[in-house]
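Visitor: Next up, coords_0.pdb (PDB, C-alpha atoms).
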```pdb
MODEL        1
ATOM      1  CA  MET A   1       5.025 -29.609  30.441
ATOM      2  CA  ALA A   2       1.960 -28.105  28.888
ATOM      3  CA  LYS A   3       0.487 -28.488  25.482
ATOM      4  CA  GLU A   4      -0.899 -25.393  23.838
ATOM      5  CA  ILE A   5      -3.732 -26.277  21.490
ATOM      6  CA  GLU A   6      -4.858 -23.139  19.785
ATOM      7  CA  ARG A   7      -6.731 -21.996  16.717
ATOM      8  CA  LYS A   8      -6.194 -18.644  15.063
ATOM      9  CA  PHE A   9      -8.567 -16.603  12.895
ATOM     10  CA  LEU A  10      -8.749 -13.380  10.979
ATOM     11  CA  ILE A  11     -11.723 -11.311  12.094
ATOM     12  CA  ASP A  12     -13.863  -8.350  11.060
ATOM     13  CA  LEU A  13     -13.363  -5.876  13.857
ATOM     14  CA  LYS A  14     -16.374  -3.783  12.775
ATOM     15  CA  LEU A  15     -18.691  -6.670  13.655
ATOM     16  CA  ILE A  16     -17.438  -7.039  17.225
ATOM     17  CA  GLY A  17     -18.712  -3.787  18.637
ATOM     18  CA  ASP A  18     -17.247  -2.335  21.819
ATOM     19  CA  LEU A  19     -14.178  -4.080  23.193
ATOM     20  CA  PRO A  20     -13.426  -4.450  26.908
ATOM     21  CA  ASP A  21     -10.245  -2.912  28.379
ATOM     22  CA  GLY A  22      -7.151  -4.337  26.718
ATOM     23  CA  LYS A  23      -3.575  -4.952  27.796
ATOM     24  CA  LEU A  24      -0.553  -3.796  25.847
ATOM     25  CA  ILE A  25       1.796  -6.649  24.948
ATOM     26  CA  SER A  26       5.374  -6.108  23.880
ATOM     27  CA  GLN A  27       7.441  -9.160  23.014
ATOM     28  CA  GLY A  28      10.795 -10.126  21.595
ATOM     29  CA  PHE A  29      12.263 -13.414  20.430
ATOM     30  CA  ILE A  30      15.660 -15.013  20.812
ATOM     31  CA  GLY A  31      16.711 -16.174  17.366
ATOM     32  CA  THR A  32      16.689 -19.978  17.213
ATOM     33  CA  ASN A  33      17.947 -22.202  14.436
ATOM     34  CA  ASP A  34      14.997 -24.539  14.412
ATOM     35  CA  LYS A  35      11.249 -24.273  15.006
ATOM     36  CA  THR A  36      11.539 -23.672  18.732
ATOM     37  CA  VAL A  37      10.360 -20.254  19.934
ATOM     38  CA  VAL A  38      11.989 -18.485  22.893
ATOM     39  CA  ARG A  39       9.884 -15.448  23.762
ATOM     40  CA  ALA A  40      10.098 -12.704  26.379
ATOM     41  CA  ARG A  41       6.743 -10.962  26.814
ATOM     42  CA  ILE A  42       5.686  -7.930  28.797
ATOM     43  CA  LYS A  43       1.890  -7.894  29.225
ATOM     44  CA  GLY A  44       0.552  -4.964  31.199
ATOM     45  CA  ASP A  45       2.514  -5.013  34.458
ATOM     46  CA  GLU A  46       3.554  -8.669  34.233
ATOM     47  CA  ALA A  47       6.206 -10.491  32.221
ATOM     48  CA  PHE A  48       6.777 -14.038  31.029
ATOM     49  CA  LEU A  49       9.499 -16.177  29.513
ATOM     50  CA  THR A  50       8.031 -18.782  27.184
ATOM     51  CA  LEU A  51       9.438 -21.704  25.216
ATOM     52  CA  LYS A  52       7.345 -23.266  22.457
ATOM     53  CA  GLY A  53       8.035 -26.318  20.340
ATOM     54  CA  GLU A  54       7.198 -26.989  16.746
ATOM     55  CA  VAL A  55       3.555 -26.735  15.712
ATOM     56  CA  THR A  56       1.863 -30.021  14.791
ATOM     57  CA  GLY A  57      -1.716 -29.528  13.700
ATOM     58  CA  PHE A  58      -3.136 -27.050  16.258
ATOM     59  CA  THR A  59      -0.756 -28.233  18.984
ATOM     60  CA  ARG A  60       2.637 -27.291  20.315
ATOM     61  CA  SER A  61       4.531 -27.802  23.568
ATOM     62  CA  GLU A  62       4.602 -24.715  25.722
ATOM     63  CA  PHE A  63       6.614 -23.934  28.850
ATOM     64  CA  GLU A  64       5.836 -20.551  30.406
ATOM     65  CA  TYR A  65       7.327 -18.888  33.482
ATOM     66  CA  GLN A  66       6.528 -15.538  35.052
ATOM     67  CA  ILE A  67       9.655 -13.411  35.397
ATOM     68  CA  PRO A  68      10.336  -9.883  36.684
ATOM     69  CA  VAL A  69       9.371  -7.134  34.201
ATOM     70  CA  ASP A  70      12.884  -5.669  34.488
ATOM     71  CA  ASP A  71      14.334  -9.017  33.403
ATOM     72  CA  ALA A  72      12.017  -9.163  30.404
ATOM     73  CA  THR A  73      12.964  -5.601  29.440
ATOM     74  CA  ASN A  74      16.646  -6.515  29.546
ATOM     75  CA  ILE A  75      16.201  -9.864  27.782
ATOM     76  CA  ILE A  76      14.398  -8.054  24.944
ATOM     77  CA  LYS A  77      17.049  -5.331  24.820
ATOM     78  CA  GLU A  78      20.109  -7.549  25.069
ATOM     79  CA  LEU A  79      19.245 -10.983  23.756
ATOM     80  CA  CYS A  80      16.411 -10.568  21.253
ATOM     81  CA  SER A  81      17.448  -9.725  17.749
ATOM     82  CA  GLY A  82      14.917  -8.170  15.438
ATOM     83  CA  GLY A  83      13.025  -5.751  17.672
ATOM     84  CA  VAL A  84       9.619  -6.228  19.246
ATOM     85  CA  VAL A  85       6.096  -7.124  18.231
ATOM     86  CA  GLU A  86       3.542  -4.844  19.870
ATOM     87  CA  LYS A  87      -0.163  -5.434  20.127
ATOM     88  CA  THR A  88      -3.090  -4.802  22.413
ATOM     89  CA  ARG A  89      -4.944  -7.885  23.636
ATOM     90  CA  TYR A  90      -8.641  -7.950  24.486
ATOM     91  CA  GLU A  91     -10.433 -10.963  25.932
ATOM     92  CA  ILE A  92     -13.983 -11.841  24.985
ATOM     93  CA  ILE A  93     -15.961 -14.803  26.265
ATOM     94  CA  TYR A  94     -18.221 -16.389  23.666
ATOM     95  CA  GLU A  95     -20.121 -19.613  24.380
ATOM     96  CA  ASN A  96     -17.721 -21.136  26.950
ATOM     97  CA  HIS A  97     -14.524 -20.171  25.165
ATOM     98  CA  THR A  98     -12.269 -17.211  25.837
ATOM     99  CA  TRP A  99     -11.242 -15.448  22.658
ATOM    100  CA  GLU A 100      -8.093 -13.342  22.622
ATOM    101  CA  ILE A 101      -8.345 -10.491  20.137
ATOM    102  CA  ASP A 102      -4.924  -9.079  19.191
ATOM    103  CA  ILE A 103      -4.808  -5.681  17.508
ATOM    104  CA  PHE A 104      -1.260  -5.167  16.251
ATOM    105  CA  HIS A 105       0.697  -1.919  16.236
ATOM    106  CA  GLY A 106       3.786  -0.479  14.580
ATOM    107  CA  GLN A 107       4.893  -2.341  11.468
ATOM    108  CA  ASN A 108       1.910  -4.681  11.859
ATOM    109  CA  GLU A 109      -0.732  -1.949  12.193
ATOM    110  CA  GLY A 110      -3.931  -3.096  10.506
ATOM    111  CA  LEU A 111      -3.533  -6.755  11.423
ATOM    112  CA  VAL A 112      -6.164  -8.135  13.799
ATOM    113  CA  VAL A 113      -6.353 -11.801  14.781
ATOM    114  CA  ALA A 114      -8.338 -13.820  17.276
ATOM    115  CA  GLU A 115      -7.105 -16.931  19.068
ATOM    116  CA  VAL A 116      -9.007 -19.509  21.020
ATOM    117  CA  GLU A 117      -7.410 -22.165  23.198
ATOM    118  CA  VAL A 118      -8.999 -25.615  23.297
ATOM    119  CA  GLN A 119      -8.363 -28.741  25.361
ATOM    120  CA  SER A 120      -8.046 -31.098  22.401
ATOM    121  CA  GLU A 121      -7.798 -30.778  18.644
ATOM    122  CA  SER A 122     -11.220 -32.362  18.265
ATOM    123  CA  GLU A 123     -12.985 -29.973  20.660
ATOM    124  CA  SER A 124     -15.786 -28.150  18.884
ATOM    125  CA  VAL A 125     -15.765 -24.364  19.004
ATOM    126  CA  SER A 126     -18.705 -22.096  18.219
ATOM    127  CA  LEU A 127     -17.417 -19.430  15.876
ATOM    128  CA  PRO A 128     -18.672 -15.886  16.528
ATOM    129  CA  LYS A 129     -20.138 -13.996  13.585
ATOM    130  CA  TRP A 130     -17.081 -11.724  13.384
ATOM    131  CA  ILE A 131     -14.787 -14.616  12.307
ATOM    132  CA  VAL A 132     -13.620 -14.236   8.699
ATOM    133  CA  GLU A 133     -11.106 -17.007   8.028
ATOM    134  CA  GLU A 134      -9.063 -19.585   9.911
ATOM    135  CA  VAL A 135      -5.264 -19.161   9.685
ATOM    136  CA  THR A 136      -4.158 -21.749  12.265
ATOM    137  CA  GLY A 137      -0.693 -23.058  11.412
ATOM    138  CA  ASP A 138       0.004 -20.453   8.726
ATOM    139  CA  PRO A 139       3.597 -19.414   9.571
ATOM    140  CA  LYS A 140       2.996 -15.925   8.154
ATOM    141  CA  TYR A 141       0.844 -15.149  11.195
ATOM    142  CA  PHE A 142       3.306 -16.460  13.803
ATOM    143  CA  ASN A 143       4.346 -13.481  15.904
ATOM    144  CA  VAL A 144       8.000 -14.345  15.353
ATOM    145  CA  SER A 145       7.377 -14.088  11.579
ATOM    146  CA  LEU A 146       5.711 -10.685  12.005
ATOM    147  CA  LEU A 147       9.084  -9.264  13.032
ATOM    148  CA  SER A 148      10.963 -10.234   9.873
ATOM    149  CA  ASN A 149       7.979  -9.966   7.535
ATOM    150  CA  PRO A 150       5.550  -7.456   9.041
ATOM    151  CA  TYR A 151       1.979  -6.987   7.834
ATOM    152  CA  SER A 152       2.802  -3.569   6.348
ATOM    153  CA  GLN A 153       5.029  -5.328   3.792
ATOM    154  CA  TRP A 154       2.532  -7.976   2.668
TER     155      TRP A 154
ATOM    156  CA  MET B 155      19.219  -8.659  35.087
ATOM    157  CA  ALA B 156      22.383 -10.194  36.415
ATOM    158  CA  LYS B 157      25.892 -10.159  35.108
ATOM    159  CA  GLU B 158      27.877 -13.359  35.338
ATOM    160  CA  ILE B 159      31.579 -12.607  35.656
ATOM    161  CA  GLU B 160      33.424 -15.852  35.641
ATOM    162  CA  ARG B 161      36.901 -17.262  35.040
ATOM    163  CA  LYS B 162      37.535 -20.797  33.885
ATOM    164  CA  PHE B 163      40.639 -22.948  34.345
ATOM    165  CA  LEU B 164      42.010 -26.366  33.535
ATOM    166  CA  ILE B 165      43.152 -28.137  36.671
ATOM    167  CA  ASP B 166      45.242 -31.084  37.835
ATOM    168  CA  LEU B 167      42.756 -33.235  39.688
ATOM    169  CA  LYS B 168      45.514 -35.302  41.357
ATOM    170  CA  LEU B 169      46.630 -32.215  43.299
ATOM    171  CA  ILE B 170      43.203 -31.501  44.797
ATOM    172  CA  GLY B 171      42.919 -34.536  47.052
ATOM    173  CA  ASP B 172      39.545 -35.674  48.322
ATOM    174  CA  LEU B 173      36.506 -33.945  46.852
ATOM    175  CA  PRO B 174      33.337 -33.177  48.812
ATOM    176  CA  ASP B 175      29.994 -34.690  47.696
ATOM    177  CA  GLY B 176      29.119 -33.637  44.179
ATOM    178  CA  LYS B 177      25.904 -33.057  42.285
ATOM    179  CA  LEU B 178      25.152 -34.577  38.895
ATOM    180  CA  ILE B 179      24.312 -31.955  36.276
ATOM    181  CA  SER B 180      22.578 -32.798  33.025
ATOM    182  CA  GLN B 181      21.927 -29.978  30.607
ATOM    183  CA  GLY B 182      20.678 -29.333  27.120
ATOM    184  CA  PHE B 183      20.657 -26.275  24.890
ATOM    185  CA  ILE B 184      18.113 -24.816  22.517
ATOM    186  CA  GLY B 185      19.922 -24.095  19.277
ATOM    187  CA  THR B 186      20.234 -20.338  18.755
ATOM    188  CA  ASN B 187      21.457 -18.510  15.699
ATOM    189  CA  ASP B 188      23.630 -16.033  17.542
ATOM    190  CA  LYS B 189      25.790 -16.050  20.676
ATOM    191  CA  THR B 190      22.876 -16.258  23.083
ATOM    192  CA  VAL B 191      22.661 -19.445  25.141
ATOM    193  CA  VAL B 192      19.317 -20.958  26.197
ATOM    194  CA  ARG B 193      19.999 -23.779  28.649
ATOM    195  CA  ALA B 194      17.837 -26.206  30.611
ATOM    196  CA  ARG B 195      19.765 -27.722  33.514
ATOM    197  CA  ILE B 196      18.915 -30.455  35.975
ATOM    198  CA  LYS B 197      21.213 -30.249  39.004
ATOM    199  CA  GLY B 198      20.598 -32.885  41.642
ATOM    200  CA  ASP B 199      16.891 -32.554  42.467
ATOM    201  CA  GLU B 200      16.506 -29.004  41.153
ATOM    202  CA  ALA B 201      16.203 -27.550  37.662
ATOM    203  CA  PHE B 202      16.840 -24.193  36.028
ATOM    204  CA  LEU B 203      16.162 -22.371  32.789
ATOM    205  CA  THR B 204      18.977 -19.979  31.948
ATOM    206  CA  LEU B 205      19.572 -17.381  29.253
ATOM    207  CA  LYS B 206      23.069 -16.034  28.697
ATOM    208  CA  GLY B 207      24.262 -13.265  26.417
ATOM    209  CA  GLU B 208      27.459 -12.953  24.465
ATOM    210  CA  VAL B 209      30.721 -13.136  26.415
ATOM    211  CA  THR B 210      32.684  -9.879  26.632
ATOM    212  CA  GLY B 211      35.954 -10.342  28.511
ATOM    213  CA  PHE B 212      34.974 -12.440  31.546
ATOM    214  CA  THR B 213      31.425 -11.070  31.575
ATOM    215  CA  ARG B 214      28.060 -12.051  30.145
ATOM    216  CA  SER B 215      24.443 -11.262  30.977
ATOM    217  CA  GLU B 216      22.700 -14.087  32.737
ATOM    218  CA  PHE B 217      19.017 -14.619  33.525
ATOM    219  CA  GLU B 218      18.265 -17.747  35.530
ATOM    220  CA  TYR B 219      14.930 -19.128  36.759
ATOM    221  CA  GLN B 220      14.194 -22.232  38.788
ATOM    222  CA  ILE B 221      11.678 -24.469  37.005
ATOM    223  CA  PRO B 222      10.111 -27.848  37.799
ATOM    224  CA  VAL B 223      12.433 -30.814  37.117
ATOM    225  CA  ASP B 224       9.733 -32.402  34.943
ATOM    226  CA  ASP B 225       9.659 -29.279  32.775
ATOM    227  CA  ALA B 226      13.446 -29.361  32.368
ATOM    228  CA  THR B 227      13.306 -33.048  31.430
ATOM    229  CA  ASN B 228      10.726 -32.302  28.755
ATOM    230  CA  ILE B 229      12.463 -29.168  27.488
ATOM    231  CA  ILE B 230      15.665 -31.190  27.047
ATOM    232  CA  LYS B 231      13.804 -34.034  25.360
ATOM    233  CA  GLU B 232      11.601 -31.955  23.074
ATOM    234  CA  LEU B 233      13.318 -28.646  22.417
ATOM    235  CA  CYS B 234      17.057 -29.209  22.799
ATOM    236  CA  SER B 235      18.822 -30.484  19.748
ATOM    237  CA  GLY B 236      22.167 -32.182  20.154
ATOM    238  CA  GLY B 237      21.741 -34.232  23.328
ATOM    239  CA  VAL B 238      22.988 -33.406  26.803
ATOM    240  CA  VAL B 239      26.201 -32.462  28.537
ATOM    241  CA  GLU B 240      26.678 -34.400  31.754
ATOM    242  CA  LYS B 241      29.092 -33.611  34.525
ATOM    243  CA  THR B 242      29.436 -33.831  38.274
ATOM    244  CA  ARG B 243      29.984 -30.556  40.088
ATOM    245  CA  TYR B 244      31.942 -30.223  43.302
ATOM    246  CA  GLU B 245      32.282 -26.960  45.243
ATOM    247  CA  ILE B 246      35.469 -26.047  47.052
ATOM    248  CA  ILE B 247      36.064 -22.860  49.009
ATOM    249  CA  TYR B 248      39.573 -21.472  48.694
ATOM    250  CA  GLU B 249      40.531 -18.100  50.195
ATOM    251  CA  ASN B 250      37.101 -16.423  50.037
ATOM    252  CA  HIS B 251      36.141 -17.728  46.622
ATOM    253  CA  THR B 252      33.937 -20.706  45.790
ATOM    254  CA  TRP B 253      35.426 -22.865  43.079
ATOM    255  CA  GLU B 254      33.161 -25.089  41.011
ATOM    256  CA  ILE B 255      34.986 -28.204  39.829
ATOM    257  CA  ASP B 256      33.227 -29.867  36.873
ATOM    258  CA  ILE B 257      34.188 -33.439  36.027
ATOM    259  CA  PHE B 258      32.617 -34.261  32.686
ATOM    260  CA  HIS B 259      31.127 -37.578  31.635
ATOM    261  CA  GLY B 260      30.108 -39.354  28.438
ATOM    262  CA  GLN B 261      31.653 -37.900  25.299
ATOM    263  CA  ASN B 262      33.548 -35.395  27.439
ATOM    264  CA  GLU B 263      35.016 -37.934  29.895
ATOM    265  CA  GLY B 264      38.500 -36.836  30.888
ATOM    266  CA  LEU B 265      37.733 -33.121  30.817
ATOM    267  CA  VAL B 266      37.917 -31.366  34.193
ATOM    268  CA  VAL B 267      37.528 -27.610  34.581
ATOM    269  CA  ALA B 268      37.208 -25.230  37.499
ATOM    270  CA  GLU B 269      35.214 -22.002  37.469
ATOM    271  CA  VAL B 270      35.251 -19.119  39.887
ATOM    272  CA  GLU B 271      32.703 -16.306  39.926
ATOM    273  CA  VAL B 272      33.904 -12.796  40.743
ATOM    274  CA  GLN B 273      32.121  -9.497  41.366
ATOM    275  CA  SER B 274      34.152  -7.498  38.855
ATOM    276  CA  GLU B 275      36.651  -8.269  36.128
ATOM    277  CA  SER B 276      39.383  -6.576  38.150
ATOM    278  CA  GLU B 277      38.768  -8.589  41.327
ATOM    279  CA  SER B 278      41.900 -10.456  42.325
ATOM    280  CA  VAL B 279      41.610 -14.204  42.825
ATOM    281  CA  SER B 280      44.112 -16.404  44.667
ATOM    282  CA  LEU B 281      44.765 -19.385  42.434
ATOM    283  CA  PRO B 282      44.984 -22.769  44.185
ATOM    284  CA  LYS B 283      48.050 -24.888  43.438
ATOM    285  CA  TRP B 284      45.969 -27.299  41.346
ATOM    286  CA  ILE B 285      45.290 -24.680  38.646
ATOM    287  CA  VAL B 286      47.055 -25.534  35.394
ATOM    288  CA  GLU B 287      45.929 -22.983  32.802
ATOM    289  CA  GLU B 288      43.284 -20.301  32.322
ATOM    290  CA  VAL B 289      40.801 -20.939  29.485
ATOM    291  CA  THR B 290      38.313 -18.119  30.167
ATOM    292  CA  GLY B 291      36.592 -17.076  26.942
ATOM    293  CA  ASP B 292      37.898 -20.005  24.880
ATOM    294  CA  PRO B 293      34.755 -21.113  22.992
ATOM    295  CA  LYS B 294      36.019 -24.702  22.855
ATOM    296  CA  TYR B 295      35.277 -25.018  26.567
ATOM    297  CA  PHE B 296      31.767 -23.544  26.441
ATOM    298  CA  ASN B 297      29.384 -26.312  27.469
ATOM    299  CA  VAL B 298      27.302 -25.698  24.358
ATOM    300  CA  SER B 299      30.434 -26.360  22.260
ATOM    301  CA  LEU B 300      31.103 -29.603  24.136
ATOM    302  CA  LEU B 301      27.965 -31.061  22.560
ATOM    303  CA  SER B 302      28.974 -30.538  18.946
ATOM    304  CA  ASN B 303      32.711 -30.936  19.506
ATOM    305  CA  PRO B 304      33.191 -33.120  22.583
ATOM    306  CA  TYR B 305      36.507 -33.558  24.371
ATOM    307  CA  SER B 306      36.841 -37.158  23.147
ATOM    308  CA  GLN B 307      37.232 -35.799  19.589
ATOM    309  CA  TRP B 308      39.886 -33.187  20.330
TER     310      TRP B 308
ENDMDL
END
```
Kindly transcribe the structure held in the file into structure tokens.
Guide:
Amino acid sequence: MAKEIERKFLIDLKLIGDLPDGKLISQGFIGTNDKTVVRARIKGDEAFLTLKGEVTGFTRSEFEYQIPVDDATNIIKELCSGGVVEKTRYEIIYENHTWEIDIFHGQNEGLVVAEVEVQSESESVSLPKWIVEEVTGDPKYFNVSLLSNPYSQW
Amino acid sequence: MAKEIERKFLIDLKLIGDLPDGKLISQGFIGTNDKTVVRARIKGDEAFLTLKGEVTGFTRSEFEYQIPVDDATNIIKELCSGGVVEKTRYEIIYENHTWEIDIFHGQNEGLVVAEVEVQSESESVSLPKWIVEEVTGDPKYFNVSLLSNPYSQW
């Protein structure tokens, strides 16, 4: 078991400057009837099957397994209702933390968020100047929500 | 991707005679809102995470990955609503096919089924004399159904 402890922020992309090379992420979700997330993700030339539990504070259980890309393609096609969320992910290191910058595409074009993983909820994080607002725990920004209620419809 | 093509039967255990050593299986399911199954299974000293699609005829898509037993224990505890299905599985080879005999426990005590996997829906299978009735595709016998509507309540 792993715990994912993560904070999420809206950012001002203009303040970041040049981004490093990014990786295209395409992901689908198996519809669950509670707050558990079952996600198939293709990231560049790798793929992952991930289970996540309910969010409590900044924390949720996470179980992630690398799977063949062909499997992920077929899981998304056959088992995931609701299409895919597509985004490009860029990683930036800022004062000992790795920030993941997600620039969304398709129905979520225009949405840009940054996530930072921490080891405990009390860990202090230096916020870069391009941070605008924290949205940790806001269900609207969960990727699974961005399928049914995409940014273009907000 | 794999396709699981499987037939399921009720059997008369008294006609089988001695069974070989069996393996205890304990499995939980993440609640989904369609016909997809997300299962964590502990089988003896191994564990698996399995996704299955909707059944069409004898066939369904199946994606299975071995995972650490500790992960499966925690997935069942944290993410699977509705408890576990427990059974002991015995394998018997009969005329070129491997039959899986599942003797259920707990709330499903008394239920015994046999499954045989085939390569195509048209493949012919010699039925052993202990077969009583085919129940392939009957949702009542799906393991996920045996949680919410166990055999003891039929």
Visitor: For this file, the PyMOL selection byres ((chain A) within 6 of (chain B)) selects which residues, as a short mmCIF file (atom, residue, chain, number, x, y, z; two decimals) with C-alpha atoms, in the frame of the given file?
Guide:
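The result, stored in selection.cif:
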```cif
data_model
loop_
_atom_site.label_atom_id
_atom_site.label_comp_id
_atom_site.auth_asym_id
_atom_site.auth_seq_id
_atom_site.Cartn_x
_atom_site.Cartn_y
_atom_site.Cartn_z
CA MET A 1 5.03 -29.61 30.44
CA GLY A 31 16.71 -16.17 17.37
CA THR A 32 16.69 -19.98 17.21
CA ASN A 33 17.95 -22.20 14.44
CA ASP A 71 14.33 -9.02 33.40
#
```
Visitor: Interatomic distance between atom CA of Asn96 of chain A and atom CA of Leu19 of chain A?
Guide: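 Going from atom CA of Asn96 of chain A over to atom CA of Leu19 of chain A, I get 17.8 Å.
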Visitor: Every residue with an atom at most 8 Å from (-7.1, -29.6, 26.3) (file coordinates; only C-alpha atoms) is what I'm after, so could you write them as a list of chain:residue names?
Guide: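 Protein and nucleic acid residues near the point are A:Lys3, A:Glu4, A:Ile5, A:Val118, A:Gln119, A:Ser120, A:Glu121.
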Visitor: Could you tell me which residues the PyMOL selection byres ((chain A and resi 137) around 10) grabs in this file, written as a list in words?
Guide: Glu6, Arg7, Lys8, Val55, Thr56, Gly57, Phe58, Thr59, Glu134, Val135, Thr136, Asp138, Pro139, Lys140, Tyr141 and Phe142 of chain A
Visitor: Emit the selected residues as a PDB file, keeping the file's coordinate frame, including C-alpha atoms.
Guide:
```
ATOM      1  CA  GLU A   6      -4.858 -23.139  19.785  1.00  0.00           C
ATOM      2  CA  ARG A   7      -6.731 -21.996  16.717  1.00  0.00           C
ATOM      3  CA  LYS A   8      -6.194 -18.644  15.063  1.00  0.00           C
ATOM      4  CA  VAL A  55       3.555 -26.735  15.712  1.00  0.00           C
ATOM      5  CA  THR A  56       1.863 -30.021  14.791  1.00  0.00           C
ATOM      6  CA  GLY A  57      -1.716 -29.528  13.700  1.00  0.00           C
ATOM      7  CA  PHE A  58      -3.136 -27.050  16.258  1.00  0.00           C
ATOM      8  CA  THR A  59      -0.756 -28.233  18.984  1.00  0.00           C
ATOM      9  CA  GLU A 134      -9.063 -19.585   9.911  1.00  0.00           C
ATOM     10  CA  VAL A 135      -5.264 -19.161   9.685  1.00  0.00           C
ATOM     11  CA  THR A 136      -4.158 -21.749  12.265  1.00  0.00           C
ATOM     12  CA  ASP A 138       0.004 -20.453   8.726  1.00  0.00           C
ATOM     13  CA  PRO A 139       3.597 -19.414   9.571  1.00  0.00           C
ATOM     14  CA  LYS A 140       2.996 -15.925   8.154  1.00  0.00           C
ATOM     15  CA  TYR A 141       0.844 -15.149  11.195  1.00  0.00           C
ATOM     16  CA  PHE A 142       3.306 -16.460  13.803  1.00  0.00           C
TER      17      PHE A 142
END
```
Visitor: Pull out every residue that the PyMOL selection byres ((chain A and resi 114) around 12) matches in the shown coordinates and put them as a PyMOL selection string.
Guide: chain A and resi 6-13+16+88-93+97-104+111-113+115-117+127-128+130-136+141
Visitor: In Å, how far is it from atom CA of Lys177 of chain B to atom CA of Arg193 of chain B?
Guide: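 So the answer is 17.5 Å.
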Visitor: Please, what distance in Å, to one decimal, runs between atom CA of Val238 of chain B and atom CA of Gln181 of chain B?
Guide: 5.2 Å
Visitor: What's around segment 297-306 of chain B at 7 Å? Count only C-alpha atoms, leave out sequence neighbours fewer than 6 positions away in its own chain, and write the answer as a VMD selection string.
Guide: chain B and resid 183 236 238 to 239 261 to 262 265
Visitor: Keeping C-alpha atoms for every residue in the selection just given, could you write it to a file as an mmCIF file, in the frame of the given file?
Guide:
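Resulting contents of again_32.cif:
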```cif
data_model
loop_
_atom_site.group_PDB
_atom_site.id
_atom_site.type_symbol
_atom_site.label_atom_id
_atom_site.label_comp_id
_atom_site.auth_asym_id
_atom_site.auth_seq_id
_atom_site.Cartn_x
_atom_site.Cartn_y
_atom_site.Cartn_z
ATOM 1 C CA PHE B 183 20.657 -26.275 24.890
ATOM 2 C CA GLY B 236 22.167 -32.182 20.154
ATOM 3 C CA VAL B 238 22.988 -33.406 26.803
ATOM 4 C CA VAL B 239 26.201 -32.462 28.537
ATOM 5 C CA GLN B 261 31.653 -37.900 25.299
ATOM 6 C CA ASN B 262 33.548 -35.395 27.439
ATOM 7 C CA LEU B 265 37.733 -33.121 30.817
#
```
